[in-house]
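First up is the structure itself, then whatever we jot down about it.
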Number of protein chains: 2
Amino acid sequence: MKITIIGSGNAATVLAKLCVQQGHSIVQIISRNEEKGKNLAQNFNAQYIPLNGTVNKNIEIVLVAITDSVFPKALDGLNFGSIPVFHTGGAVSMNVLRNTTTNYGVLYPLQSLSAEVEEIPTIPFLIEANSENSFKILNEFANTLSNNVTKVLEFKRLRLHAAAAIANNFTNYLYTCAKTYCDNEELDFNLLKPLILETANRIQNNDPEKVQTGPAKRQDVYTLGKHLQLFSEYPKLRTLYTRMTESIMHG
Amino acid sequence: MKITIIGSGNAATVLAKLCVQQGHSIVQIISRNEEKGKNLAQNFNAQYIPLNGTVNKNIEIVLVAITDSVFPKALDGLNFGSIPVFHTGGAVSMNVLRNTTTNYGVLYPLQSLSAEVEEIPTIPFLIEANSENSFKILNEFANTLSNNVTKVLEFKRLRLHAAAAIANNFTNYLYTCAKTYCDNEELDFNLLKPLILETANRIQNNDPEKVQTGPAKRQDVYTLGKHLQLFSEYPKLRTLYTRMTESIMHG
């Protein structure tokens with residue numbers, strides 16, 4: 001398929017890469033960020049178009065991969081006629097696209113897409129469209145990109161998006177806290193990496209509640225006290241530790 | 001090596017399995033919990049001994065794999081002469097063993113050991129001993145169990161133990177929160193599993209701070225507001241979400 005991508009951030013970059021890997025071609029990148037947009041376009045032999053530029057309509061699909069908060073303003077003045085336009089926003093209604101085309105929908109990658117990461121992970125796509133016709137196009141297209149495609153209506157997608165923030169953004173933040181502490185205390189953060197991987201691997205086939213370990217779960221106030229003492233010079237870490245421990249102990 | 005294990009919980013179970021896999025034999029299980037102790041002993045053709053029972057001293061190594069908080073009381077009255085005794089407690093000084101033997105130390109598995117999990121993960125062992133002689137025995141033994149063995153003195157081990165609670169126990173708790181929410185809202189938690197795995201995989205080769213994504217990182221108050229609205233009937237989740245988001249936004 002000949003594709004236009006609107007956006008030049010993490011999601012746009014990873015999806016462009018995935019599309020090309022699966023035999024599609026990126027025709028143009030439309031972005032308000034000239035530097036990132038031009039870079040991305042160059043990587044895929046595509047044309048860079050600024051937001052108010054002249055858009056090439058000799059394409060089959062438009063992917064809108066922009067930050068949730070800039071919808072719908074970023075799409076002002078864009079009209080693709082009947083060319084299908086799909087956005088990737090987890091927390092955005094598909095209706096923000098209704099002035100841009102007659103065929104629209106959502107192709108939400110339920111995955112953390114970081115342009116920094118070389119290998120593209122398995123991406124579950126949650127899809128939804130405004131008509132049977134656009135759903136058919138979207139479904140076929142999504143299945144070229146992933147084996148994990150599910151039709152999910154907006155109210156469920158929103159909730160999965162929120163649950164994903166907990167399971168991904170917050171855990172990554174905890175890794176950051178642990179690494180910062182290790183760096184400050186001259187400890188080797190690499191020693192924690194097998195543990196981090198195991199915890200994520202373990203819940204692939206186990207209920208996380210059933211495999212919870214640690215001093216908070218055991219109500220081991222002796223060890224909890226030792227840990228809090230170690231964090232006495234790290235007030236923010238101490239607060240985080242106390243709050244998470246209380247949640248684990250008292251549900 | 002002929003091994004006695006004191007304990008019958010998660011760590012004792014997984015270490016017993018690992019020892020046998022590597023060609024050692026478990027001679028006896030000493031445990032205050034008769035049911036779990038007998039079960040574990042039976043699984044490894046070992047003898048079960050209650051805490052005040054008569055201990056077989058025809059062994060080469062004693063592993064004390066008990067909860068940190070029950071040290072040193074659980075070892076009262078046990079004396080192994082010069083047989084090396086190593087405990088697995090991350091937050092416990094090796095000196096709690098000094099009345100049980102002349103050769104002692106710590107063999108701390110920096111890993112989450114859950115008896116529920118079938119496959120034993122990579123285990124980094126942090127080791128420390130009271131003399132050159134006991135260190136030599138411990139080091140050789142630890143290297144039969146893992147390729148990842150590091151000498152780490154108590155003050156650093158304690159700190160790694162605390163960092164591990166953040167990187168493992170807290171993240172697993174977040175998975176539990178996400179799953180409970182999914183179950184309540186009739187969402188498929190399986191859809192989040194590739195994301196969870198990717199987040200843990202990603203930091204194996206990337207600084208977690210540099211690959212942080214999500215609305216909190218982007219200061220996207222629009223999406224954060226939507227999420228909080230979704231959690232309005234889940235006051236505990238709402239509190240957790242607010243606290244973690246504030247930490248990510250304001251460091």
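How things are named: the first chain in the structure tokens is A, the next is B, and so on; residues count from 1 in each chain; ligands count from 1 in the order shown.
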Would you mind writing down, as a PyMOL selection string, each residue of segment 33-246 of chain A that DSSP on the backbone assigns to strand (DSSP E or B)?
-> chain A and resi 47-49+61-64+85-87+104-109+125-129+149-151
Could you write out the selected residues, including C-alpha atoms, as a PDB file, in the first residue's frame?
```pdb
ATOM      1  CA  GLN A  47       8.519  13.415   0.552  1.00  0.00           C
ATOM      2  CA  TYR A  48       8.387  15.802   3.503  1.00  0.00           C
ATOM      3  CA  ILE A  49       5.316  18.074   3.610  1.00  0.00           C
ATOM      4  CA  ILE A  61      -3.936   4.941   3.356  1.00  0.00           C
ATOM      5  CA  VAL A  62      -3.192   7.818   5.712  1.00  0.00           C
ATOM      6  CA  LEU A  63      -1.867   7.040   9.197  1.00  0.00           C
ATOM      7  CA  VAL A  64      -2.161   9.820  11.752  1.00  0.00           C
ATOM      8  CA  VAL A  85      -7.489   7.774   7.335  1.00  0.00           C
ATOM      9  CA  PHE A  86      -6.647   5.910  10.539  1.00  0.00           C
ATOM     10  CA  HIS A  87      -5.220   7.436  13.683  1.00  0.00           C
ATOM     11  CA  TYR A 104     -11.849   6.562   8.949  1.00  0.00           C
ATOM     12  CA  GLY A 105     -10.990   4.581  12.012  1.00  0.00           C
ATOM     13  CA  VAL A 106      -8.457   3.783  14.706  1.00  0.00           C
ATOM     14  CA  LEU A 107      -5.372   1.590  14.459  1.00  0.00           C
ATOM     15  CA  TYR A 108      -4.107   1.675  18.031  1.00  0.00           C
ATOM     16  CA  PRO A 109      -0.802  -0.081  18.675  1.00  0.00           C
ATOM     17  CA  PHE A 125      -3.364  -3.603  17.257  1.00  0.00           C
ATOM     18  CA  LEU A 126      -6.801  -2.553  18.507  1.00  0.00           C
ATOM     19  CA  ILE A 127      -8.926  -1.474  15.547  1.00  0.00           C
ATOM     20  CA  GLU A 128     -12.239   0.283  15.018  1.00  0.00           C
ATOM     21  CA  ALA A 129     -13.765   1.974  11.960  1.00  0.00           C
ATOM     22  CA  VAL A 149      -5.320  -7.624  15.695  1.00  0.00           C
ATOM     23  CA  THR A 150      -8.536  -7.198  17.700  1.00  0.00           C
ATOM     24  CA  LYS A 151     -11.671  -5.155  17.084  1.00  0.00           C
TER      25      LYS A 151
END
```
With a distance cut-off of 9 Å and only C-alpha atoms, select the neighbouring residues of Lys236 of chain A, excluding the residue or stretch itself and same-chain residues fewer than 3 positions from it, and output the selection as a list in words.
->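 The contact residues come out as Phe231, Thr239, Leu240 and Tyr241 of chain A; Ser247 and Gly251 of chain B.
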How many Å separate atom CA of Gly23 of chain A from atom CA of Thr144 of chain A?
-> 8.9 Å
Residues at most 7 Å from segment 209-219 of chain B, counting only C-alpha atoms, excluding those fewer than 2 positions away in the same chain, as a short mmCIF file (atom, residue, chain, number, x, y, z; two decimals) with N, CA, C and O atoms, in the first residue's frame?
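Just written: part.cif:
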```
data_model
loop_
_atom_site.label_atom_id
_atom_site.label_comp_id
_atom_site.auth_asym_id
_atom_site.auth_seq_id
_atom_site.Cartn_x
_atom_site.Cartn_y
_atom_site.Cartn_z
N SER A 114 9.16 3.08 20.93
CA SER A 114 10.25 4.01 21.16
C SER A 114 11.16 3.98 19.94
O SER A 114 11.65 2.92 19.55
N ALA A 165 -0.82 2.31 30.66
CA ALA A 165 0.02 3.32 31.32
C ALA A 165 0.55 2.76 32.64
O ALA A 165 1.71 2.96 33.00
N ASN A 169 4.25 2.48 31.54
CA ASN A 169 4.92 3.73 31.89
C ASN A 169 5.38 3.73 33.34
O ASN A 169 6.48 4.18 33.66
N ASN A 172 8.32 1.26 33.89
CA ASN A 172 9.57 1.82 33.37
C ASN A 172 10.09 2.91 34.30
O ASN A 172 11.31 3.05 34.50
N TYR A 173 9.18 3.66 34.89
CA TYR A 173 9.59 4.69 35.84
C TYR A 173 10.25 4.06 37.07
O TYR A 173 11.25 4.57 37.59
N THR A 176 13.68 3.25 36.24
CA THR A 176 14.48 4.47 36.28
C THR A 176 14.89 4.80 37.71
O THR A 176 16.05 5.14 37.99
N ASP B 207 18.97 2.77 28.65
CA ASP B 207 18.77 3.45 29.92
C ASP B 207 17.26 3.69 30.09
O ASP B 207 16.64 4.33 29.23
N VAL B 221 -1.69 16.51 29.85
CA VAL B 221 -2.73 16.58 30.88
C VAL B 221 -4.10 16.18 30.35
O VAL B 221 -4.98 15.72 31.09
N THR B 223 -4.78 13.61 28.27
CA THR B 223 -4.91 12.15 28.42
C THR B 223 -4.91 11.74 29.89
O THR B 223 -5.66 10.86 30.31
N LEU B 224 -4.07 12.39 30.69
CA LEU B 224 -4.03 12.08 32.12
C LEU B 224 -5.41 12.29 32.74
O LEU B 224 -5.87 11.48 33.55
N THR B 245 2.05 9.38 38.54
CA THR B 245 2.11 10.41 37.50
C THR B 245 2.84 11.65 38.01
O THR B 245 3.69 12.22 37.31
N ILE B 248 6.52 10.98 38.03
CA ILE B 248 7.12 11.02 36.69
C ILE B 248 7.23 12.47 36.19
O ILE B 248 8.23 12.88 35.62
N MET B 249 6.17 13.26 36.43
CA MET B 249 6.15 14.63 35.92
C MET B 249 7.12 15.55 36.65
O MET B 249 7.76 16.40 36.03
#
```
Segment 81-83 of chain A: which residues within 9 Å, counting only C-alpha atoms, same-chain residues fewer than 4 positions away excluded, as a PDB file with C-alpha atoms, in the first residue's frame?
```pdb
ATOM      1  CA  LYS A  57      -3.299  12.346  -2.758  1.00  0.00           C
ATOM      2  CA  ILE A  59      -1.974   7.246  -1.850  1.00  0.00           C
ATOM      3  CA  GLU A  60      -4.085   4.430  -0.393  1.00  0.00           C
ATOM      4  CA  ILE A  61      -3.936   4.941   3.356  1.00  0.00           C
ATOM      5  CA  VAL A  62      -3.192   7.818   5.712  1.00  0.00           C
ATOM      6  CA  THR A 100     -10.725  14.632   6.836  1.00  0.00           C
ATOM      7  CA  THR A 101     -12.331  11.743   4.904  1.00  0.00           C
ATOM      8  CA  THR A 102     -15.435   9.588   4.527  1.00  0.00           C
ATOM      9  CA  ASN A 103     -13.537   6.436   5.601  1.00  0.00           C
ATOM     10  CA  TYR A 104     -11.849   6.562   8.949  1.00  0.00           C
TER      11      TYR A 104
END
```
In Å to one decimal, how far is atom CA of Leu197 of chain A from atom CA of Ala167 of chain B?
-> 9.9 Å
Please identify all polymer residues within 9 Å of Asn95 of chain A, counting only C-alpha atoms, omitting same-chain residues fewer than 2 positions from it, and present them as an MDAnalysis selection string.
-> chainID A and resid 92:93 97:99 104:105 130
Separation of atom CA of Leu51 of chain A and atom CA of Gly225 of chain B, in Å?
-> 27.5 Å
Could you find all residues in segment 13-51 of chain B that DSSP calls helix (DSSP H, G or I) from the backbone, and write them as a list in words?
->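 Matching residues, listed in order: Thr13, Val14, Leu15, Ala16, Lys17, Leu18, Cys19, Val20, Gln21, Glu34, Glu35, Lys36, Gly37, Lys38, Asn39, Leu40, Ala41, Gln42 and Asn43 of chain B.
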What's the 9 Å shell around Ala91 of chain A, counting only C-alpha atoms, without same-chain residues fewer than 2 positions away, as a VMD selection string?
-> (chain A and resid 68 89 93 154 157 to 159 161 to 162) or (chain B and resid 223 226 to 227)
With C-alpha atoms retained, could you export that selection as a compact mmCIF listing (two decimals), in the first residue's frame?
```
# COMPACT_ATOMS: atom_id res chain seq x y z
CA ASP A 68 -3.26 12.53 21.63
CA GLY A 89 -4.26 7.47 19.38
CA SER A 93 -12.21 9.03 19.44
CA GLU A 154 -13.69 3.14 21.96
CA ARG A 157 -9.77 0.95 24.06
CA LEU A 158 -9.68 3.94 26.40
CA ARG A 159 -9.62 1.62 29.41
CA HIS A 161 -4.90 2.58 27.20
CA ALA A 162 -5.15 3.57 30.86
CA THR B 223 -4.91 12.15 28.42
CA LYS B 226 -9.18 11.04 30.73
CA HIS B 227 -7.43 8.24 32.60
```
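Shell of Asp188 of chain A at 12 Å, with only C-alpha atoms counted and residues fewer than 5 places along the chain excluded, is Ala178, Lys179, Thr180, Tyr181, Cys182, Asp183 and Lys193 of chain A; Pro124, Leu126, Thr150, Val152, Lys156, Arg157, Arg159, Leu160, Ala163 and Ala164 of chain B.
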